[in-house]
Amino acid sequence: MAGAAAGALGAIALGGSAGAQDEERGARSFIRGLDGKVIGRLDLTPQRGGSVSVRIQARGLTPGYHGFHIHAVAACDPAARNPAGVVTPFASAGPHWNPDNVSHGDHRGDFPPLLVTRSGQTRAMFTTDRFRIPELLDMDGSAIIIHAARDNQANVPPRYQTGTPPATGPDAETRATGDSGGRVGCGAIRLAPRAR
Ligand SMILES: [Cu+2]
Ligand SMILES: [Zn+2]
């Protein structure tokens with residue numbers, strides 16, 4: 001049984017490297033912190049059937065949950081300014097990548113939040129079928145962002161939308177961002193080197 005499983009995994013690995021056409025290439029990103037130093041790495045690897053394996057490892061973060069998403073522009077400027085002219089690190093990466101014009105949580109590059117240990121490290125691996133890698137590499141590219149705060153997935157319970165006076169439920173900011181706060185890590189997503 002164990003041998004059969006190992007054989008199946010081997011076949012998947014072989015298929016991945018044999019089909020190394022451009023549309024089958026992976027992508028990666030070196031994630032930089034607010035001081036410009038590399039704090040982590042993201043690897044996106046195409047899987048059979050069209051899904052994408054996502055691997056992330058990073059360090060130097062504050063313990064707890066952090067929002068983690070693909071943003072619309074491959075520009076990671078720690079001294080970027082918001083439209084009001086206020087320094088807002090990595091605002092240059094734009095909003096969540098949102099080609100379908102939907103609410104946060106359904107954005108195609110919304111990822112599970114990162115859990116950072118007391119020693120400031122995080123490591124995660126999961127699979128998404130919400131995009132193909134070439135879609136991330138459009139004219140202005142895209143970037144991976146690690147946020148300062150946790151992500152509520154815009155999941156504000158409906159009971160908060162009732163009452164006297166009626167509450168409004170999730171506001172525009174929540175629906176766009178999940179309220180995950182400032183940006184503490186940013187990496188432009190680039191095509192990975194061609195597999196040998
Ligand atoms: Cu984000
Ligand atoms: Zn989102």
# chains A, B, ... in the order shown; residues from 1 in each chain; ligands from 1
>>> residues_around(residues="segment 78-95 of chain A", least_positions_apart="5", cutoff="7 Å", atoms="only C-alpha atoms", output="PyMOL selection string")
chain A and resi 34+71-73+143+183+186
>>> closest_atom_pairs(of="chain A", to="ligand 2", cutoff="9 Å", atoms="only C-alpha atoms and all ligand atoms", output="CSV")
residue,atom,partner,partner_atom_place_in_ligand_line,distance
A:Phe68,CA,ligand 2,1 (Zn),8.7
A:His69,CA,ligand 2,1 (Zn),6.4
A:Ile70,CA,ligand 2,1 (Zn),7.8
A:His71,CA,ligand 2,1 (Zn),8.2
A:Pro95,CA,ligand 2,1 (Zn),8.2
A:His96,CA,ligand 2,1 (Zn),5.1
A:Trp97,CA,ligand 2,1 (Zn),7.3
A:Asn98,CA,ligand 2,1 (Zn),7.5
A:Val102,CA,ligand 2,1 (Zn),8.8
A:Ser103,CA,ligand 2,1 (Zn),7.0
A:His104,CA,ligand 2,1 (Zn),3.8
A:Gly105,CA,ligand 2,1 (Zn),5.3
A:Asp106,CA,ligand 2,1 (Zn),6.7
A:His107,CA,ligand 2,1 (Zn),4.8
A:Arg108,CA,ligand 2,1 (Zn),7.6
A:Gly109,CA,ligand 2,1 (Zn),6.8
A:Asp110,CA,ligand 2,1 (Zn),4.8
A:Phe111,CA,ligand 2,1 (Zn),8.2
A:Gln153,CA,ligand 2,1 (Zn),7.5
A:Ala154,CA,ligand 2,1 (Zn),8.6
A:Arg175,CA,ligand 2,1 (Zn),8.1
A:Ala176,CA,ligand 2,1 (Zn),6.2
A:Thr177,CA,ligand 2,1 (Zn),5.3
A:Gly178,CA,ligand 2,1 (Zn),6.8
>>> select_by_dssp(residues="segment 31-183 of chain A", states="alpha helix (DSSP H)", output="number ranges by chain")
A: 133-136, 172-177
>>> write_last_selection(atoms="N, CA and C atoms", output="tab-separated table (two decimals), in the first residue's frame")
chain	number	residue	atom	x	y	z
A	133	ILE	N	-1.65	29.92	-13.41
A	133	ILE	CA	-0.50	30.78	-13.15
A	133	ILE	C	-0.33	31.89	-14.20
A	134	PRO	N	-0.49	31.60	-15.52
A	134	PRO	CA	-0.29	32.69	-16.50
A	134	PRO	C	-1.22	33.89	-16.28
A	135	GLU	N	-2.38	33.66	-15.64
A	135	GLU	CA	-3.30	34.78	-15.40
A	135	GLU	C	-2.70	35.81	-14.44
A	136	LEU	N	-1.76	35.37	-13.62
A	136	LEU	CA	-1.14	36.29	-12.65
A	136	LEU	C	-0.10	37.16	-13.32
A	172	ALA	N	-17.92	48.62	2.96
A	172	ALA	CA	-17.18	48.46	1.71
A	172	ALA	C	-15.74	47.99	1.96
A	173	GLU	N	-15.14	48.52	3.04
A	173	GLU	CA	-13.77	48.14	3.36
A	173	GLU	C	-13.69	46.64	3.70
A	174	THR	N	-14.64	46.18	4.50
A	174	THR	CA	-14.67	44.76	4.87
A	174	THR	C	-14.88	43.89	3.63
A	175	ARG	N	-15.81	44.31	2.77
A	175	ARG	CA	-16.10	43.51	1.58
A	175	ARG	C	-14.93	43.49	0.61
A	176	ALA	N	-14.06	44.51	0.69
A	176	ALA	CA	-12.93	44.57	-0.24
A	176	ALA	C	-11.68	43.91	0.31
A	177	THR	N	-11.51	43.91	1.65
A	177	THR	CA	-10.21	43.53	2.19
A	177	THR	C	-10.25	42.52	3.32
>>> residues_around(residues="Asp43 of chain A", least_positions_apart="5", cutoff="7 Å", atoms="only C-alpha atoms", output="ChimeraX atom specification")
/A:27-29,54-56
